[in-house]
$ cat structure.cif   # mmCIF, C-alpha atoms
data_data
#
loop_
_atom_site.label_atom_id
_atom_site.label_comp_id
_atom_site.auth_asym_id
_atom_site.auth_seq_id
_atom_site.Cartn_x
_atom_site.Cartn_y
_atom_site.Cartn_z
CA MET A 1 -128.92 24.51 -4.22
CA PRO A 2 -128.97 26.95 -1.38
CA ARG A 3 -126.54 29.80 -1.81
CA HIS A 4 -124.07 30.57 0.92
CA SER A 5 -122.66 34.02 1.25
CA ALA A 6 -119.20 34.67 2.70
CA ARG A 7 -119.43 36.54 5.83
CA ALA A 8 -116.54 38.10 7.72
CA VAL A 9 -116.29 36.96 11.24
CA ALA A 10 -115.76 39.91 13.43
CA MET A 11 -113.17 39.51 16.14
CA PRO A 12 -113.86 41.11 19.42
CA ARG A 13 -112.15 44.42 19.53
CA HIS A 14 -110.68 43.81 22.94
CA ASN A 15 -108.59 40.78 21.67
CA LEU A 16 -106.69 42.71 18.95
CA PRO A 17 -103.99 44.26 21.17
CA LEU A 18 -103.27 40.89 22.73
CA MET A 19 -102.78 39.17 19.36
CA LEU A 20 -100.65 41.96 17.98
CA GLY A 21 -98.45 41.87 21.04
CA ALA A 22 -97.93 38.11 20.67
CA ALA A 23 -97.06 38.48 17.00
CA VAL A 24 -94.53 41.17 17.78
CA LEU A 25 -92.94 39.04 20.48
CA ALA A 26 -92.71 36.04 18.13
CA ALA A 27 -91.14 38.09 15.39
CA GLY A 28 -88.66 39.52 17.85
CA ALA A 29 -87.75 36.05 19.04
CA VAL A 30 -87.07 34.93 15.48
CA MET A 31 -85.01 38.00 14.70
CA THR A 32 -82.91 37.67 17.82
CA ALA A 33 -82.47 33.89 17.48
CA ALA A 34 -81.07 34.04 13.95
CA PRO A 35 -77.99 36.12 14.80
CA ALA A 36 -77.36 33.99 17.87
CA LEU A 37 -77.52 30.80 15.79
CA ALA A 38 -75.22 32.24 13.15
CA GLN A 39 -72.74 33.31 15.79
CA GLU A 40 -72.74 29.85 17.35
CA VAL A 41 -71.96 28.16 14.00
CA THR A 42 -69.11 30.49 13.10
CA MET A 43 -67.52 30.21 16.53
CA THR A 44 -67.58 26.40 16.65
CA PRO A 45 -63.95 25.19 17.08
CA PRO A 46 -62.44 22.62 14.65
CA ASN A 47 -63.25 18.96 15.27
CA HIS A 48 -59.59 18.09 16.09
CA THR A 49 -56.73 19.65 18.00
CA ILE A 50 -53.01 19.37 17.25
CA LEU A 51 -50.75 19.60 20.26
CA VAL A 52 -47.05 20.19 19.58
CA GLN A 53 -44.90 18.67 22.29
CA PRO A 54 -41.31 19.83 22.75
CA GLU A 55 -38.80 17.24 21.53
CA THR A 56 -36.85 15.39 24.21
CA PRO A 57 -33.12 16.10 23.91
CA THR A 58 -31.05 13.04 23.01
CA LEU A 59 -27.45 11.91 22.95
CA ASN A 60 -26.44 9.91 19.85
CA LEU A 61 -23.23 7.91 20.31
CA SER A 62 -21.33 5.01 18.76
CA ALA A 63 -18.79 2.56 20.14
CA HIS A 64 -17.14 -0.75 19.29
CA GLY A 65 -15.83 -3.83 21.00
CA GLU A 66 -13.00 -6.10 19.87
CA VAL A 67 -11.73 -9.51 20.91
CA ARG A 68 -8.95 -11.63 19.48
CA ALA A 69 -9.19 -15.37 18.97
CA ALA A 70 -7.02 -18.10 17.52
CA PRO A 71 -8.50 -19.56 14.30
CA ASP A 72 -9.49 -23.21 14.21
CA LYS A 73 -10.03 -23.70 10.47
CA ALA A 74 -8.34 -22.78 7.20
CA MET A 75 -9.69 -22.36 3.65
CA ILE A 76 -7.43 -23.07 0.67
CA THR A 77 -8.45 -22.37 -2.93
CA PHE A 78 -6.39 -24.03 -5.65
CA GLY A 79 -6.82 -25.12 -9.24
CA VAL A 80 -5.66 -27.25 -12.11
CA GLN A 81 -5.09 -25.54 -15.45
CA THR A 82 -4.49 -27.49 -18.67
CA GLU A 83 -4.17 -26.49 -22.31
CA ALA A 84 -4.58 -28.53 -25.52
CA THR A 85 -5.29 -28.03 -29.21
CA THR A 86 -8.94 -29.05 -28.82
CA ALA A 87 -11.49 -28.27 -26.14
CA ALA A 88 -12.23 -31.95 -25.51
CA GLU A 89 -8.56 -32.76 -25.01
CA ALA A 90 -8.06 -29.83 -22.65
CA MET A 91 -11.02 -30.95 -20.53
CA ALA A 92 -9.88 -34.59 -20.54
CA GLN A 93 -6.40 -33.67 -19.31
CA ASN A 94 -7.87 -31.43 -16.66
CA ARG A 95 -10.24 -34.16 -15.48
CA THR A 96 -7.43 -36.69 -15.14
CA ARG A 97 -5.25 -34.38 -13.08
CA MET A 98 -8.16 -33.19 -10.92
CA ASN A 99 -9.06 -36.81 -10.08
CA GLN A 100 -5.50 -37.28 -8.88
CA VAL A 101 -5.85 -34.16 -6.72
CA MET A 102 -9.08 -35.46 -5.16
CA GLN A 103 -7.39 -38.75 -4.30
CA ALA A 104 -4.55 -36.83 -2.67
CA LEU A 105 -7.05 -34.89 -0.56
CA ARG A 106 -8.68 -38.08 0.66
CA ARG A 107 -5.30 -39.53 1.57
CA ALA A 108 -4.62 -36.33 3.53
CA GLY A 109 -7.73 -36.98 5.61
CA ILE A 110 -10.00 -34.30 4.10
CA GLU A 111 -13.67 -35.33 4.11
CA GLU A 112 -15.65 -34.84 0.90
CA ARG A 113 -18.11 -32.46 2.59
CA TYR A 114 -15.24 -30.00 3.05
CA ILE A 115 -14.31 -30.04 -0.65
CA GLN A 116 -16.24 -27.75 -3.01
CA THR A 117 -15.77 -26.85 -6.67
CA SER A 118 -15.51 -23.05 -6.80
CA GLY A 119 -14.84 -22.52 -10.53
CA LEU A 120 -14.83 -24.35 -13.85
CA ASN A 121 -13.79 -22.57 -17.02
CA LEU A 122 -12.97 -23.44 -20.65
CA SER A 123 -11.77 -20.71 -23.00
CA PRO A 124 -10.07 -20.48 -26.43
CA GLN A 125 -6.49 -19.25 -26.58
CA TYR A 126 -5.23 -17.05 -29.43
CA ASP A 127 -1.86 -15.94 -30.68
CA TYR A 128 -1.74 -12.28 -31.66
CA VAL A 129 0.64 -10.95 -34.32
CA GLN A 130 0.68 -7.32 -35.36
CA ASN A 131 -1.29 -6.57 -38.55
CA GLU A 132 -2.60 -10.14 -38.65
CA PRO A 133 -5.89 -11.64 -37.50
CA PRO A 134 -5.81 -13.64 -34.22
CA ARG A 135 -4.81 -17.26 -34.69
CA LEU A 136 -6.42 -19.96 -32.54
CA ARG A 137 -3.72 -21.77 -30.61
CA GLY A 138 -5.91 -24.14 -28.59
CA TYR A 139 -8.16 -24.27 -25.51
CA GLN A 140 -7.49 -23.77 -21.82
CA ALA A 141 -9.46 -25.60 -19.10
CA THR A 142 -9.37 -24.52 -15.45
CA ASN A 143 -10.95 -26.27 -12.47
CA ARG A 144 -10.76 -24.59 -9.04
CA VAL A 145 -11.57 -26.22 -5.71
CA THR A 146 -11.97 -24.72 -2.22
CA VAL A 147 -11.02 -26.98 0.69
CA GLU A 148 -11.81 -26.42 4.35
CA ILE A 149 -9.21 -27.84 6.75
CA ARG A 150 -10.20 -28.15 10.43
CA ASP A 151 -6.85 -29.41 11.64
CA LEU A 152 -4.45 -26.52 11.22
CA GLU A 153 -1.43 -28.81 11.60
CA ARG A 154 -2.38 -30.35 8.24
CA VAL A 155 -2.57 -27.13 6.25
CA GLY A 156 1.01 -27.17 4.99
CA SER A 157 1.09 -30.89 4.24
CA THR A 158 -2.26 -30.68 2.42
CA ALA A 159 -0.97 -27.88 0.20
CA ASP A 160 2.10 -29.91 -0.64
CA ALA A 161 0.02 -33.01 -1.39
CA VAL A 162 -2.26 -31.31 -3.91
CA VAL A 163 0.70 -29.64 -5.66
CA ASN A 164 2.43 -32.98 -6.02
CA ALA A 165 -0.82 -34.42 -7.41
CA GLY A 166 -1.09 -31.89 -10.22
CA VAL A 167 -2.28 -28.53 -8.83
CA ASN A 168 -0.53 -25.68 -10.61
CA GLN A 169 -2.52 -22.75 -9.17
CA ILE A 170 -2.97 -21.79 -5.51
CA ASP A 171 -5.15 -18.71 -5.20
CA GLY A 172 -4.77 -18.19 -1.47
CA ILE A 173 -5.39 -19.31 2.09
CA SER A 174 -7.57 -17.76 4.76
CA PHE A 175 -8.28 -18.61 8.40
CA GLY A 176 -11.53 -18.51 10.34
CA LEU A 177 -13.59 -19.80 13.25
CA ILE A 178 -15.82 -22.84 13.08
CA ASN A 179 -18.22 -21.28 15.59
CA PRO A 180 -17.73 -17.50 15.97
CA GLN A 181 -20.77 -16.99 18.26
CA GLN A 182 -18.85 -16.94 21.56
CA ALA A 183 -16.26 -14.47 20.28
CA GLU A 184 -18.97 -12.24 18.80
CA ASP A 185 -20.87 -12.17 22.10
CA GLN A 186 -17.71 -11.15 23.94
CA ALA A 187 -17.21 -8.34 21.44
CA ARG A 188 -20.84 -7.25 21.93
CA MET A 189 -20.38 -7.06 25.71
CA ALA A 190 -17.24 -4.98 25.26
CA ALA A 191 -19.06 -2.67 22.82
CA VAL A 192 -22.01 -2.08 25.19
CA GLN A 193 -19.68 -1.34 28.09
CA ALA A 194 -17.75 1.13 25.96
CA LEU A 195 -20.98 2.82 24.82
CA GLN A 196 -22.28 3.15 28.39
CA ALA A 197 -18.99 4.57 29.60
CA LYS A 198 -18.96 7.11 26.78
CA ALA A 199 -22.57 8.13 27.49
CA ASN A 200 -21.81 8.68 31.19
CA LEU A 201 -18.77 10.77 30.28
CA TYR A 202 -20.77 13.03 27.95
CA ALA A 203 -23.60 13.38 30.46
CA ASN A 204 -21.20 14.46 33.22
CA ALA A 205 -19.47 16.90 30.89
CA LEU A 206 -22.80 18.44 29.83
CA GLY A 207 -24.25 18.54 33.33
CA VAL A 208 -27.25 16.37 32.43
CA ARG A 209 -28.60 12.97 33.44
CA LEU A 210 -29.22 9.93 31.28
CA ALA A 211 -32.94 9.18 31.28
CA GLY A 212 -32.65 5.85 29.46
CA ILE A 213 -31.65 4.43 26.11
CA ARG A 214 -34.10 5.01 23.27
CA SER A 215 -32.56 2.77 20.59
CA LEU A 216 -29.58 0.48 20.02
CA SER A 217 -28.33 -0.86 16.69
CA GLU A 218 -25.45 -3.15 15.75
CA GLY A 219 -23.12 -3.26 12.78
CA GLY A 220 -20.00 -5.20 11.88
CA GLY A 221 -19.11 -8.55 13.40
CA TYR A 222 -16.95 -11.53 12.63
CA SER A 223 -15.31 -11.83 9.24
CA PRO A 224 -12.43 -14.09 8.20
CA GLN A 225 -9.02 -12.68 7.45
CA PRO A 226 -8.35 -11.82 3.82
CA PRO A 227 -6.57 -14.60 1.94
CA MET A 228 -2.79 -14.72 2.12
CA PHE A 229 -1.38 -15.67 -1.27
CA ALA A 230 0.83 -18.72 -1.18
CA ARG A 231 2.34 -18.99 -4.63
CA GLY A 232 5.53 -20.48 -3.20
CA ALA A 233 3.71 -23.69 -2.29
CA MET A 234 3.79 -24.76 -5.94
CA ALA A 235 7.58 -25.01 -5.88
CA MET A 236 7.85 -27.16 -2.76
CA ASP A 237 9.83 -30.33 -3.40
CA SER A 238 11.49 -30.94 -0.05
CA ALA A 239 10.52 -33.52 2.54
CA GLU A 240 9.29 -30.86 4.96
CA SER A 241 5.80 -29.39 4.82
CA THR A 242 5.12 -25.84 3.80
CA SER A 243 5.22 -23.58 6.85
CA VAL A 244 1.89 -21.89 7.65
CA ALA A 245 1.30 -19.38 10.49
CA PRO A 246 -2.41 -18.95 11.38
CA GLY A 247 -1.88 -16.04 13.79
CA GLU A 248 -5.01 -14.53 15.42
CA LEU A 249 -8.34 -13.20 14.23
CA THR A 250 -9.90 -9.90 15.29
CA ILE A 251 -13.64 -9.95 15.91
CA ARG A 252 -15.15 -6.45 16.01
CA VAL A 253 -18.73 -5.34 16.69
CA ASN A 254 -19.89 -1.74 16.12
CA ILE A 255 -22.98 -0.36 17.88
CA ASN A 256 -24.95 2.92 17.85
CA GLY A 257 -27.08 4.10 20.78
CA VAL A 258 -29.48 6.99 21.37
CA TYR A 259 -29.98 8.14 24.99
CA ASP A 260 -32.65 10.48 26.33
CA ILE A 261 -31.18 13.15 28.58
CA VAL A 262 -32.74 15.44 31.24
CA ARG A 263 -31.42 18.29 33.28
#
$ encode --input "structure.cif" --output "structure tokens"
Amino acid sequence: MPRHSARAVAMPRHNLPLMLGAAVLAAGAVMTAAPALAQEVTMTPPNHTILVQPETPTLNLSAHGEVRAAPDKAMITFGVQTEATTAAEAMAQNRTRMNQVMQALRRAGIEERYIQTSGLNLSPQYDYVQNEPPRLRGYQATNRVTVEIRDLERVGSTADAVVNAGVNQIDGISFGLINPQQAEDQARMAAVQALQAKANLYANALGVRLAGIRSLSEGGGYSPQPPMFARGAMAMDSAESTSVAPGELTIRVNINGVYDIVR
């Protein structure tokens, strides 16, 4: 094979300064670009910005509105309690007397949908003597019924009728509204008016203006009167009906409002 010998290629002498100058310029560009690139990376701002806005001053107030209304229904809770030596006998006696009470309610004009059993209980009864174990005396059965009466003129006569039929416990009577919506709405209107008047008063006193209401919440509302105990009805034996005074109900609505204020 023919032998090839390496031979250095001689560059023209007049091109050397030009090449060296280009190399120096390239190196300088690299050296100057690196710090600039590093500076750009370190100075890059975060990818999000949090702006803190000053909180708008507010006025937090509460008010209430009340209306009074005459009740148009009554709730009576009564019961029959019997006691016998055996549980079965106690329940049988109770059942007989309660059936008589139900018949008396129907004769008084009370519809079955307004009669509801509210409690049924059977429990043993013991006699306790000091230093002796309890001795079983018998069993006690109790059946309680809640009746809604929508004619208030019949409340007293109904109580008398069930007592005469065998009721020996009357837990109480309470009055209410069949439809409380109208009274509640009137109380709401009164509450809003009271809240607005109070907000205007505070704004004038503070020398600020109301910018609008931010939130409004409601609490309270209609609730029946607590029961009035009528134990005396059990002893009625005269021809007249038991006297019942329904009085008036108070419907109250509480509200809370938050107003934005500006100077």
$ closest_residue --input "structure.cif" --among "A:Ser174, A:Gln116, A:Gln103, A:Asn131" --to "Val155 of chain A" --atoms "all atoms listed in the file"
A:Ser174
$ resolve_selection --input "structure.cif" --expression "the PyMOL selection byres ((chain A and resi 192) around 10)" --output "ChimeraX atom specification"
/A:62-65,187-191,193-198,216,253-257
$ residues_around --input "structure.cif" --residues "segment 88-102 of chain A" --least-positions-apart "5" --cutoff "9 Å" --atoms "all atoms listed in the file" --output "PyMOL selection string"
chain A and resi 79-83+107+112+115+122+138-143+161-167
$ atom_distance --input "structure.cif" --atom1 "atom CA of Ala108 of chain A" --atom2 "atom CA of Thr242 of chain A"
14.3 Å
$ atom_distance --input "structure.cif" --atom1 "atom CA of Ser217 of chain A" --atom2 "atom CA of Phe175 of chain A"
28.0 Å
